file protein_33.tsv (TSV, C-alpha atoms)
chain	number	residue	atom	x	y	z
A	1	MET	CA	-16.28	-12.34	-21.70
A	2	THR	CA	-18.85	-9.56	-22.02
A	3	ALA	CA	-18.82	-6.41	-19.93
A	4	GLU	CA	-22.33	-6.97	-18.57
A	5	PRO	CA	-21.69	-9.69	-15.99
A	6	LEU	CA	-18.80	-7.69	-14.53
A	7	ALA	CA	-20.66	-4.37	-14.21
A	8	ALA	CA	-21.39	-5.03	-10.53
A	9	GLU	CA	-17.75	-5.98	-9.89
A	10	HIS	CA	-16.50	-2.79	-11.55
A	11	ALA	CA	-18.92	-0.72	-9.47
A	12	ALA	CA	-17.85	-2.49	-6.27
A	13	ALA	CA	-14.17	-1.92	-7.10
A	14	ARG	CA	-14.86	1.78	-7.68
A	15	ARG	CA	-16.71	2.08	-4.36
A	16	GLN	CA	-13.90	0.32	-2.53
A	17	GLY	CA	-11.33	2.62	-4.16
A	18	LEU	CA	-13.35	5.69	-3.19
A	19	SER	CA	-13.73	4.51	0.45
A	20	VAL	CA	-9.99	3.98	0.69
A	21	GLY	CA	-9.41	7.42	-0.82
A	22	LEU	CA	-11.71	9.09	1.70
A	23	ALA	CA	-10.10	7.25	4.63
A	24	THR	CA	-6.53	8.16	3.71
A	25	GLY	CA	-7.67	11.69	2.96
A	26	VAL	CA	-8.36	12.15	6.64
A	27	TYR	CA	-4.78	11.19	7.36
A	28	GLY	CA	-3.57	13.81	4.89
A	29	VAL	CA	-4.70	16.54	7.31
A	30	SER	CA	-2.31	15.24	9.93
A	31	PHE	CA	0.47	14.94	7.34
A	32	GLY	CA	-0.02	18.56	6.31
A	33	ALA	CA	0.07	19.72	9.92
A	34	LEU	CA	3.15	17.61	10.74
A	35	GLY	CA	4.99	18.86	7.65
A	36	VAL	CA	4.61	22.49	8.67
A	37	ALA	CA	5.43	21.65	12.29
A	38	ALA	CA	8.63	19.95	11.07
A	39	GLY	CA	9.85	23.23	9.61
A	40	LEU	CA	8.80	22.79	5.99
A	41	ASP	CA	6.79	25.63	4.45
A	42	THR	CA	3.30	25.08	3.08
A	43	TRP	CA	4.52	24.63	-0.51
A	44	GLN	CA	7.20	22.11	0.44
A	45	THR	CA	4.63	20.10	2.39
A	46	VAL	CA	2.18	20.24	-0.50
A	47	ALA	CA	4.95	19.31	-2.98
A	48	LEU	CA	5.67	16.12	-1.02
A	49	SER	CA	2.04	15.02	-1.32
A	50	LEU	CA	1.77	15.98	-5.00
A	51	LEU	CA	5.11	14.61	-6.18
A	52	LEU	CA	6.37	12.01	-3.70
A	53	PHE	CA	2.82	10.77	-3.03
A	54	THR	CA	3.49	7.75	-0.89
A	55	GLY	CA	2.39	8.13	2.71
A	56	GLY	CA	5.03	6.04	4.45
A	57	SER	CA	7.90	7.90	2.76
A	58	GLN	CA	6.30	11.28	3.41
A	59	PHE	CA	5.73	10.69	7.13
A	60	ALA	CA	9.29	9.37	7.46
A	61	PHE	CA	10.72	12.41	5.66
A	62	VAL	CA	8.99	15.00	7.86
A	63	GLY	CA	9.52	12.88	10.99
A	64	ILE	CA	13.28	12.85	10.45
A	65	MET	CA	13.39	16.57	9.69
A	66	ALA	CA	11.28	17.29	12.80
A	67	SER	CA	13.65	15.34	15.04
A	68	GLY	CA	16.65	17.28	13.73
A	69	GLY	CA	17.95	14.54	11.44
A	70	SER	CA	20.00	15.33	8.35
A	71	PRO	CA	18.24	15.87	5.01
A	72	ILE	CA	20.35	13.06	3.57
A	73	THR	CA	18.93	10.60	6.12
A	74	ALA	CA	15.44	11.90	5.34
A	75	VAL	CA	15.89	11.36	1.59
A	76	ALA	CA	17.50	7.93	2.06
A	77	THR	CA	14.79	6.63	4.41
A	78	SER	CA	12.04	8.00	2.22
A	79	THR	CA	13.55	6.23	-0.80
A	80	LEU	CA	14.03	2.95	1.05
A	81	LEU	CA	10.34	3.02	2.01
A	82	GLY	CA	9.43	3.79	-1.61
A	83	ILE	CA	11.18	0.79	-3.15
A	84	ARG	CA	8.20	-1.47	-2.52
A	85	ASN	CA	6.14	0.65	-4.92
A	86	GLY	CA	8.52	-0.45	-7.67
A	87	LEU	CA	7.93	-4.08	-6.72
A	88	TYR	CA	4.15	-3.49	-6.95
A	89	GLY	CA	4.78	-2.01	-10.40
A	90	LEU	CA	6.29	-5.26	-11.65
A	91	GLN	CA	2.94	-6.99	-11.32
A	92	LEU	CA	0.71	-3.98	-12.03
A	93	ALA	CA	2.52	-3.44	-15.35
A	94	ARG	CA	1.27	-6.85	-16.47
A	95	VAL	CA	-2.29	-6.19	-15.32
A	96	LEU	CA	-2.59	-2.64	-16.69
A	97	ARG	CA	-0.48	-2.98	-19.87
A	98	LEU	CA	0.00	0.74	-20.46
A	99	ARG	CA	2.30	2.91	-22.57
A	100	GLY	CA	3.18	6.59	-22.71
A	101	TRP	CA	1.68	9.15	-20.34
A	102	ARG	CA	-0.86	6.69	-18.94
A	103	ARG	CA	2.01	4.54	-17.73
A	104	LEU	CA	3.66	7.58	-16.11
A	105	ALA	CA	0.37	8.41	-14.38
A	106	ALA	CA	-0.09	4.81	-13.25
A	107	ALA	CA	3.43	4.77	-11.80
A	108	GLN	CA	2.76	7.96	-9.82
A	109	VAL	CA	-0.37	6.44	-8.19
A	110	THR	CA	1.28	3.04	-7.59
A	111	ILE	CA	1.12	2.88	-3.80
A	112	ASP	CA	0.04	0.44	-1.08
A	113	GLU	CA	-3.64	1.44	-1.29
A	114	SER	CA	-4.09	1.25	-5.08
A	115	THR	CA	-2.20	-2.05	-5.23
A	116	ALA	CA	-4.27	-3.48	-2.38
A	117	VAL	CA	-7.60	-2.51	-3.97
A	118	ALA	CA	-6.45	-4.05	-7.27
A	119	LEU	CA	-5.35	-7.17	-5.40
A	120	ALA	CA	-8.78	-7.50	-3.81
A	121	GLN	CA	-10.47	-7.98	-7.22
A	122	ASP	CA	-10.55	-11.23	-9.17
A	123	GLU	CA	-10.65	-10.32	-12.87
A	124	PRO	CA	-7.69	-8.40	-14.38
A	125	GLU	CA	-9.97	-5.75	-15.93
A	126	VAL	CA	-11.71	-5.19	-12.59
A	127	GLN	CA	-8.29	-5.03	-10.93
A	128	ALA	CA	-7.46	-2.16	-13.29
A	129	THR	CA	-10.71	-0.37	-12.31
A	130	GLY	CA	-9.90	-0.82	-8.62
A	131	PHE	CA	-6.34	0.38	-9.13
A	132	TRP	CA	-7.39	3.62	-10.83
A	133	ALA	CA	-10.31	4.29	-8.46
A	134	ALA	CA	-8.10	3.95	-5.39
A	135	GLY	CA	-5.06	5.60	-6.96
A	136	LEU	CA	-6.91	8.69	-8.21
A	137	GLY	CA	-9.24	8.76	-5.18
A	138	VAL	CA	-6.36	8.74	-2.73
A	139	TYR	CA	-4.46	11.28	-4.88
A	140	ALA	CA	-7.37	13.72	-4.83
A	141	PHE	CA	-8.28	13.44	-1.13
A	142	TRP	CA	-4.70	13.12	0.12
A	143	ASN	CA	-3.57	16.30	-1.63
A	144	LEU	CA	-6.66	18.29	-0.74
A	145	SER	CA	-6.37	17.34	2.92
A	146	THR	CA	-2.60	17.93	2.99
A	147	LEU	CA	-3.27	21.51	1.89
A	148	VAL	CA	-5.94	21.91	4.57
A	149	GLY	CA	-3.64	20.49	7.26
A	150	ALA	CA	-0.68	22.63	6.17
A	151	ILE	CA	-2.74	25.83	6.26
A	152	ALA	CA	-5.13	25.22	9.13
A	153	GLY	CA	-3.06	22.91	11.32
A	154	ASN	CA	-4.36	19.72	12.76
A	155	ALA	CA	-7.87	20.68	13.81
A	156	MET	CA	-8.91	17.09	14.41
A	157	GLY	CA	-6.10	16.36	16.84
A	158	ASP	CA	-4.29	13.04	17.07
A	159	PRO	CA	-5.57	10.64	14.37
A	160	ARG	CA	-4.89	7.77	16.77
A	161	ALA	CA	-7.61	9.04	19.10
A	162	TRP	CA	-10.07	8.43	16.23
A	163	GLY	CA	-8.68	4.94	15.65
A	164	LEU	CA	-7.54	5.93	12.16
A	165	ASP	CA	-4.26	4.00	12.37
A	166	ALA	CA	-6.26	0.87	13.23
A	167	ALA	CA	-8.70	1.65	10.40
A	168	ALA	CA	-5.80	1.69	7.92
A	169	ALA	CA	-4.57	-1.69	9.16
A	170	ALA	CA	-8.10	-3.13	9.06
A	171	ALA	CA	-8.54	-1.87	5.48
A	172	PHE	CA	-5.42	-3.76	4.41
A	173	VAL	CA	-6.70	-6.94	6.11
A	174	ALA	CA	-9.96	-6.62	4.17
A	175	LEU	CA	-8.14	-5.98	0.90
A	176	ILE	CA	-5.77	-8.93	1.31
A	177	TRP	CA	-8.63	-11.19	2.46
A	178	PRO	CA	-9.74	-12.48	-0.99
A	179	ARG	CA	-6.19	-13.66	-1.69
A	180	LEU	CA	-6.27	-15.80	1.47
A	181	ARG	CA	-8.93	-18.07	-0.02
A	182	ASP	CA	-6.32	-20.24	-1.71
A	183	ARG	CA	-3.50	-22.05	0.04
A	184	THR	CA	-0.67	-20.39	-1.89
A	185	GLY	CA	-1.94	-16.95	-0.89
A	186	ARG	CA	-2.37	-17.97	2.76
A	187	ILE	CA	1.12	-19.46	3.00
A	188	THR	CA	2.72	-16.45	1.28
A	189	ALA	CA	0.92	-13.96	3.53
A	190	GLY	CA	1.68	-15.98	6.68
A	191	LEU	CA	5.36	-16.32	5.85
A	192	ALA	CA	5.61	-12.64	4.89
A	193	ALA	CA	3.93	-11.61	8.16
A	194	ALA	CA	6.36	-13.77	10.15
A	195	ILE	CA	9.39	-12.28	8.34
A	196	ALA	CA	8.18	-8.72	8.96
A	197	LEU	CA	7.48	-9.49	12.63
A	198	ILE	CA	10.91	-11.05	13.28
A	199	SER	CA	12.85	-8.39	11.38
A	200	PHE	CA	10.92	-5.40	12.72
A	201	ALA	CA	12.97	-4.58	15.82
A	202	PRO	CA	16.50	-5.03	14.43
A	203	MET	CA	15.94	-3.46	10.98
A	204	PRO	CA	15.60	0.18	9.90
A	205	ALA	CA	12.22	1.52	8.75
A	206	GLY	CA	11.09	0.12	5.41
A	207	VAL	CA	13.38	-2.91	5.45
A	208	PRO	CA	11.01	-5.41	7.15
A	209	VAL	CA	8.37	-4.87	4.46
A	210	LEU	CA	10.97	-5.37	1.72
A	211	LEU	CA	12.23	-8.53	3.44
A	212	ALA	CA	8.65	-9.83	3.38
A	213	ALA	CA	9.12	-10.14	-0.40
A	214	ILE	CA	11.29	-13.18	0.37
A	215	ALA	CA	8.02	-15.01	1.12
A	216	ALA	CA	6.92	-14.49	-2.51
A	217	ILE	CA	10.26	-15.78	-3.79
A	218	VAL	CA	10.23	-18.88	-1.56
A	219	VAL	CA	6.60	-19.79	-2.22
A	220	GLY	CA	6.93	-18.93	-5.92
A	221	LEU	CA	9.94	-21.21	-6.33
A	222	VAL	CA	8.42	-24.06	-4.35
A	223	THR	CA	5.03	-23.99	-6.07
A	224	ALA	CA	6.36	-23.38	-9.59
A	225	GLY	CA	7.86	-26.88	-9.67
A	226	PRO	CA	5.34	-29.54	-8.67
A	227	SER	CA	2.05	-27.77	-9.43
A	228	ARG	CA	2.71	-27.55	-13.14
A	229	ALA	CA	-0.77	-28.61	-14.14
A	230	ARG	CA	-2.29	-25.85	-12.02
A	231	ASP	CA	-0.08	-23.27	-13.67
A	232	ILE	CA	-1.41	-24.16	-17.06
A	233	GLU	CA	-4.96	-24.03	-15.77
A	234	GLN	CA	-4.38	-20.69	-14.07
A	235	PRO	CA	-2.36	-18.41	-16.31
A	236	GLU	CA	-0.29	-15.58	-14.87
A	237	GLY	CA	-2.07	-12.60	-13.45
A	238	ASP	CA	-4.74	-14.35	-11.46
A	239	LEU	CA	-2.98	-13.69	-8.17
A	240	LEU	CA	-2.25	-10.08	-9.05
B	1	MET	CA	18.49	24.83	7.40
B	2	SER	CA	18.09	27.18	4.44
B	3	THR	CA	14.94	27.08	2.38
B	4	THR	CA	17.01	26.16	-0.67
B	5	ALA	CA	18.64	23.17	1.04
B	6	LEU	CA	15.22	22.00	2.22
B	7	TRP	CA	13.78	22.34	-1.28
B	8	ILE	CA	16.66	20.29	-2.67
B	9	ALA	CA	15.95	17.53	-0.12
B	10	VAL	CA	12.19	17.62	-0.84
B	11	LEU	CA	12.67	17.46	-4.60
B	12	ALA	CA	15.37	14.77	-4.35
B	13	ALA	CA	13.02	12.60	-2.26
B	14	CYS	CA	10.23	13.19	-4.81
B	15	ALA	CA	12.45	12.35	-7.80
B	16	LEU	CA	13.84	9.18	-6.21
B	17	GLY	CA	10.34	8.16	-5.12
B	18	PHE	CA	9.10	8.42	-8.69
B	19	VAL	CA	12.14	6.55	-10.05
B	20	ALA	CA	11.35	3.71	-7.63
B	21	LYS	CA	7.70	3.61	-8.77
B	22	TYR	CA	8.41	3.85	-12.49
B	23	ALA	CA	11.27	1.32	-12.43
B	24	GLY	CA	8.79	-1.49	-11.85
B	25	TYR	CA	6.95	-0.60	-15.06
B	26	LEU	CA	10.16	-0.42	-17.12
B	27	VAL	CA	11.49	-3.89	-16.39
B	28	PRO	CA	11.44	-5.67	-19.78
B	29	GLU	CA	8.86	-8.43	-20.10
B	30	SER	CA	11.54	-10.88	-21.18
B	31	LEU	CA	13.02	-10.57	-17.67
B	32	VAL	CA	9.77	-11.39	-15.89
B	33	ASP	CA	8.10	-13.80	-18.27
B	34	GLY	CA	9.44	-17.15	-17.10
B	35	ARG	CA	7.01	-19.39	-15.26
B	36	ARG	CA	8.87	-19.13	-11.95
B	37	ARG	CA	9.51	-15.40	-12.14
B	38	SER	CA	5.95	-14.84	-13.21
B	39	ARG	CA	4.64	-16.69	-10.14
B	40	ILE	CA	7.03	-14.88	-7.82
B	41	ILE	CA	6.02	-11.47	-9.18
B	42	GLY	CA	2.37	-12.45	-8.93
B	43	LEU	CA	2.87	-13.20	-5.24
B	44	LEU	CA	4.85	-10.02	-4.46
B	45	PRO	CA	1.87	-7.73	-3.69
B	46	VAL	CA	0.28	-10.11	-1.18
B	47	ALA	CA	3.67	-10.70	0.50
B	48	LEU	CA	4.56	-7.00	0.73
B	49	LEU	CA	1.08	-5.98	1.90
B	50	ALA	CA	1.04	-8.73	4.55
B	51	GLY	CA	4.42	-7.41	5.75
B	52	LEU	CA	3.09	-3.87	5.74
B	53	LEU	CA	0.01	-4.98	7.66
B	54	VAL	CA	2.20	-6.42	10.43
B	55	THR	CA	4.25	-3.23	10.76
B	56	GLN	CA	1.03	-1.17	10.84
B	57	THR	CA	-0.60	-3.40	13.43
B	58	VAL	CA	2.20	-3.95	15.95
B	59	GLY	CA	5.01	-1.63	14.84
B	60	GLY	CA	6.15	1.00	17.35
B	61	ASP	CA	8.99	3.51	17.41
B	62	HIS	CA	11.37	1.12	19.15
B	63	GLY	CA	10.10	-2.37	18.38
B	64	ILE	CA	6.88	-4.34	18.63
B	65	VAL	CA	3.99	-2.72	20.53
B	66	LEU	CA	0.73	-4.56	21.33
B	67	ASP	CA	-2.09	-2.05	21.66
B	68	ALA	CA	-5.60	-1.17	20.46
B	69	ARG	CA	-4.54	-1.67	16.83
B	70	LEU	CA	-4.13	-5.41	17.38
B	71	ALA	CA	-7.61	-5.68	18.93
B	72	ALA	CA	-9.05	-3.72	16.00
B	73	VAL	CA	-7.37	-5.97	13.43
B	74	ALA	CA	-8.63	-9.06	15.29
B	75	LEU	CA	-12.15	-7.61	15.11
B	76	ALA	CA	-11.67	-6.98	11.39
B	77	VAL	CA	-10.71	-10.63	10.86
B	78	VAL	CA	-13.81	-11.84	12.73
B	79	LEU	CA	-16.07	-9.51	10.73
B	80	LEU	CA	-14.50	-10.60	7.43
B	81	TRP	CA	-15.07	-14.19	8.48
B	82	LEU	CA	-18.74	-13.28	8.94
B	83	ARG	CA	-18.68	-11.73	5.44
B	84	ALA	CA	-19.20	-8.17	6.60
B	85	ASN	CA	-18.64	-5.54	3.92
B	86	PHE	CA	-15.51	-3.44	3.53
B	87	VAL	CA	-16.78	-0.14	4.93
B	88	LEU	CA	-18.31	-1.80	8.00
B	89	VAL	CA	-15.04	-3.63	8.73
B	90	VAL	CA	-13.01	-0.43	8.53
B	91	PHE	CA	-15.48	1.62	10.61
B	92	ALA	CA	-15.84	-1.06	13.29
B	93	ALA	CA	-12.06	-1.37	13.61
B	94	ALA	CA	-11.66	2.39	13.98
B	95	ALA	CA	-14.50	2.57	16.51
B	96	LEU	CA	-13.04	-0.23	18.64
B	97	ALA	CA	-9.55	1.32	18.65
B	98	ALA	CA	-10.94	4.76	19.45
B	99	GLY	CA	-13.13	3.30	22.20
B	100	LEU	CA	-10.31	1.34	23.80
B	101	ARG	CA	-8.07	4.41	23.75
B	102	ALA	CA	-10.82	6.55	25.25
B	103	LEU	CA	-10.89	4.02	28.09
B	104	GLY	CA	-7.17	4.51	28.49
B	105	TRP	CA	-5.91	1.27	26.93
B	106	GLY	CA	-3.51	1.21	24.00
call {"tool": "encode", "arguments": {"input": "protein_33.tsv", "output": "structure tokens"}}
result
Amino acid sequence: MTAEPLAAEHAAARRQGLSVGLATGVYGVSFGALGVAAGLDTWQTVALSLLLFTGGSQFAFVGIMASGGSPITAVATSTLLGIRNGLYGLQLARVLRLRGWRRLAAAQVTIDESTAVALAQDEPEVQATGFWAAGLGVYAFWNLSTLVGAIAGNAMGDPRAWGLDAAAAAAFVALIWPRLRDRTGRITAGLAAAIALISFAPMPAGVPVLLAAIAAIVVGLVTAGPSRARDIEQPEGDLL
Amino acid sequence: MSTTALWIAVLAACALGFVAKYAGYLVPESLVDGRRRSRIIGLLPVALLAGLLVTQTVGGDHGIVLDARLAAVALAVVLLWLRANFVLVVFAAAALAAGLRALGWG
């Protein structure tokens, strides 16, 4: 395979990564403002974005501190929400194949957005481009806007009024979309969605998304048996 | 709470968050190389992101909430069906949710 025919795909993956970075960057302003409002100082708020760098965990951490919860609960919930990043890493490790400091850097930017942009691409090398574009793009904009929000407060008001929460959900639909072309992807996503929906009310934050992984296990076990010929035709990695 | 205690909590959350991320990259290939395991791991991102999408679309503080987010996601699906591009899908969804909320719904 030459690089030429994939040049357009690489460029599209980079654009997609940058768009996702810009969009989440706007949310960073509200995180920065919420962090300071929760009683953290500017540096603690900034440290969460630089070091923890996973939005769900960060919002949970400051939300629990703001509502007077114990720091132990805040750390535990944040960690529970972060476990899915490790599950993304299982597959990303095989796509990126990195060692040393590059692997450390990849782990730090392994989040929902970078995984989703990688997932939206077809070729493994384009998946890597999408992963880095989204990972580094989100890292840059998220940290910059966290700093702005922590210092200046939330000048833009409630992000919900701008429809930004819906924009985030719509972005994930668009990024999952290419994987819904084949039946295995559709069934996995449908089952995962059903599990998350049923378990949402009774389970603590972060658990429904982890339970959705059961869909991958069930579909993986069922399809690994009979569709042997397809597996040989489609080697690992094609489904990211 | 003292600044020191808060710093300890912040740094503990950061350290554990990184451990969770890096752990996925450290699992030996021999553990994930079988045909079945390989398929399961290949399907994990789409399963987790579909689960995440549900919690983002209808998740509220105390259970399921149907509001402007669901309408926006439905619009996104229609636009994707019509092969609209990524940025348009995201902008249209945001605009619909913002519009509905401005009208006092969701």
call {"tool": "interface_residues", "arguments": {"input": "protein_33.tsv", "of": "chain B", "to": "chain A", "cutoff": "6 Å", "atoms": "all atoms listed in the file", "output": "ChimeraX atom specification"}}
result
/B:9,13-14,17,20-25,36,39-45,47-48,50-54,56,63,69,73,76,90,93-94,97-98
call {"tool": "atom_distance", "arguments": {"input": "protein_33.tsv", "atom1": "CA of Val36 (chain A)", "atom2": "CA of Gly69 (chain A)"}}
result
15.8 Å
call {"tool": "atom_distance", "arguments": {"input": "protein_33.tsv", "atom1": "CA of Ala140 (chain A)", "atom2": "CA of Ala60 (chain A)"}}
result
21.2 Å
call {"tool": "residues_around", "arguments": {"input": "protein_33.tsv", "residues": "Val138 (chain A)", "least_positions_apart": "2", "cutoff": "7 Å", "atoms": "only C-alpha atoms", "output": "list in words"}}
result
Val20, Gly21, Leu22, Thr24, Gly25, Ala134, Gly135, Leu136, Ala140, Phe141 and Trp142 of chain A
call {"tool": "atom_distance", "arguments": {"input": "protein_33.tsv", "atom1": "CA of Val19 (chain B)", "atom2": "CA of Trp101 (chain A)"}}
result
14.9 Å
call {"tool": "decode", "arguments": {"input": "protein_33.tsv", "residues": "region 199-208 of chain A", "atoms": "all heavy atoms", "output": "short mmCIF file (atom, residue, chain, number, x, y, z; two decimals), in the first residue's frame"}}
result
data_model
loop_
_atom_site.label_atom_id
_atom_site.label_comp_id
_atom_site.auth_asym_id
_atom_site.auth_seq_id
_atom_site.Cartn_x
_atom_site.Cartn_y
_atom_site.Cartn_z
N SER A 199 -28.97 -0.33 32.86
CA SER A 199 -28.20 -0.26 34.11
C SER A 199 -28.00 1.18 34.59
O SER A 199 -27.45 1.39 35.67
CB SER A 199 -26.84 -0.94 33.92
OG SER A 199 -26.11 -0.30 32.91
N PHE A 200 -28.46 2.16 33.82
CA PHE A 200 -28.15 3.55 34.18
C PHE A 200 -28.69 3.96 35.54
O PHE A 200 -27.96 4.46 36.39
CB PHE A 200 -28.63 4.53 33.11
CG PHE A 200 -28.15 5.93 33.38
CD1 PHE A 200 -26.87 6.31 33.00
CD2 PHE A 200 -28.94 6.84 34.07
CE1 PHE A 200 -26.40 7.58 33.28
CE2 PHE A 200 -28.45 8.12 34.36
CZ PHE A 200 -27.19 8.47 33.96
N ALA A 201 -29.99 3.76 35.76
CA ALA A 201 -30.60 4.23 37.00
C ALA A 201 -30.04 3.53 38.24
O ALA A 201 -29.69 4.19 39.21
CB ALA A 201 -32.12 4.11 36.92
N PRO A 202 -29.96 2.17 38.24
CA PRO A 202 -29.52 1.53 39.49
C PRO A 202 -28.01 1.60 39.78
O PRO A 202 -27.61 1.38 40.91
CB PRO A 202 -29.96 0.07 39.31
CG PRO A 202 -30.05 -0.14 37.86
CD PRO A 202 -30.38 1.19 37.24
N MET A 203 -27.19 1.91 38.79
CA MET A 203 -25.74 1.80 38.98
C MET A 203 -25.07 3.16 39.23
O MET A 203 -25.53 4.18 38.73
CB MET A 203 -25.11 1.17 37.73
CG MET A 203 -25.48 -0.27 37.52
SD MET A 203 -24.74 -1.29 38.80
CE MET A 203 -25.46 -2.87 38.39
N PRO A 204 -23.94 3.14 39.96
CA PRO A 204 -23.21 4.40 40.17
C PRO A 204 -22.55 4.88 38.87
O PRO A 204 -22.37 4.11 37.93
CB PRO A 204 -22.14 4.03 41.22
CG PRO A 204 -22.10 2.56 41.30
CD PRO A 204 -23.35 2.01 40.68
N ALA A 205 -22.20 6.17 38.86
CA ALA A 205 -21.61 6.79 37.66
C ALA A 205 -20.41 5.99 37.17
O ALA A 205 -19.59 5.55 37.96
CB ALA A 205 -21.18 8.22 37.97
N GLY A 206 -20.34 5.79 35.87
CA GLY A 206 -19.19 5.10 35.29
C GLY A 206 -19.43 3.62 35.07
O GLY A 206 -18.87 3.02 34.16
N VAL A 207 -20.28 3.02 35.91
CA VAL A 207 -20.50 1.57 35.82
C VAL A 207 -21.28 1.17 34.56
O VAL A 207 -20.90 0.20 33.90
CB VAL A 207 -21.16 1.03 37.11
CG1 VAL A 207 -21.48 -0.46 36.98
CG2 VAL A 207 -20.23 1.26 38.30
N PRO A 208 -22.37 1.89 34.20
CA PRO A 208 -23.11 1.49 33.00
C PRO A 208 -22.24 1.40 31.75
O PRO A 208 -22.38 0.46 30.95
CB PRO A 208 -24.17 2.58 32.85
CG PRO A 208 -24.39 3.08 34.22
CD PRO A 208 -23.04 3.01 34.89
#
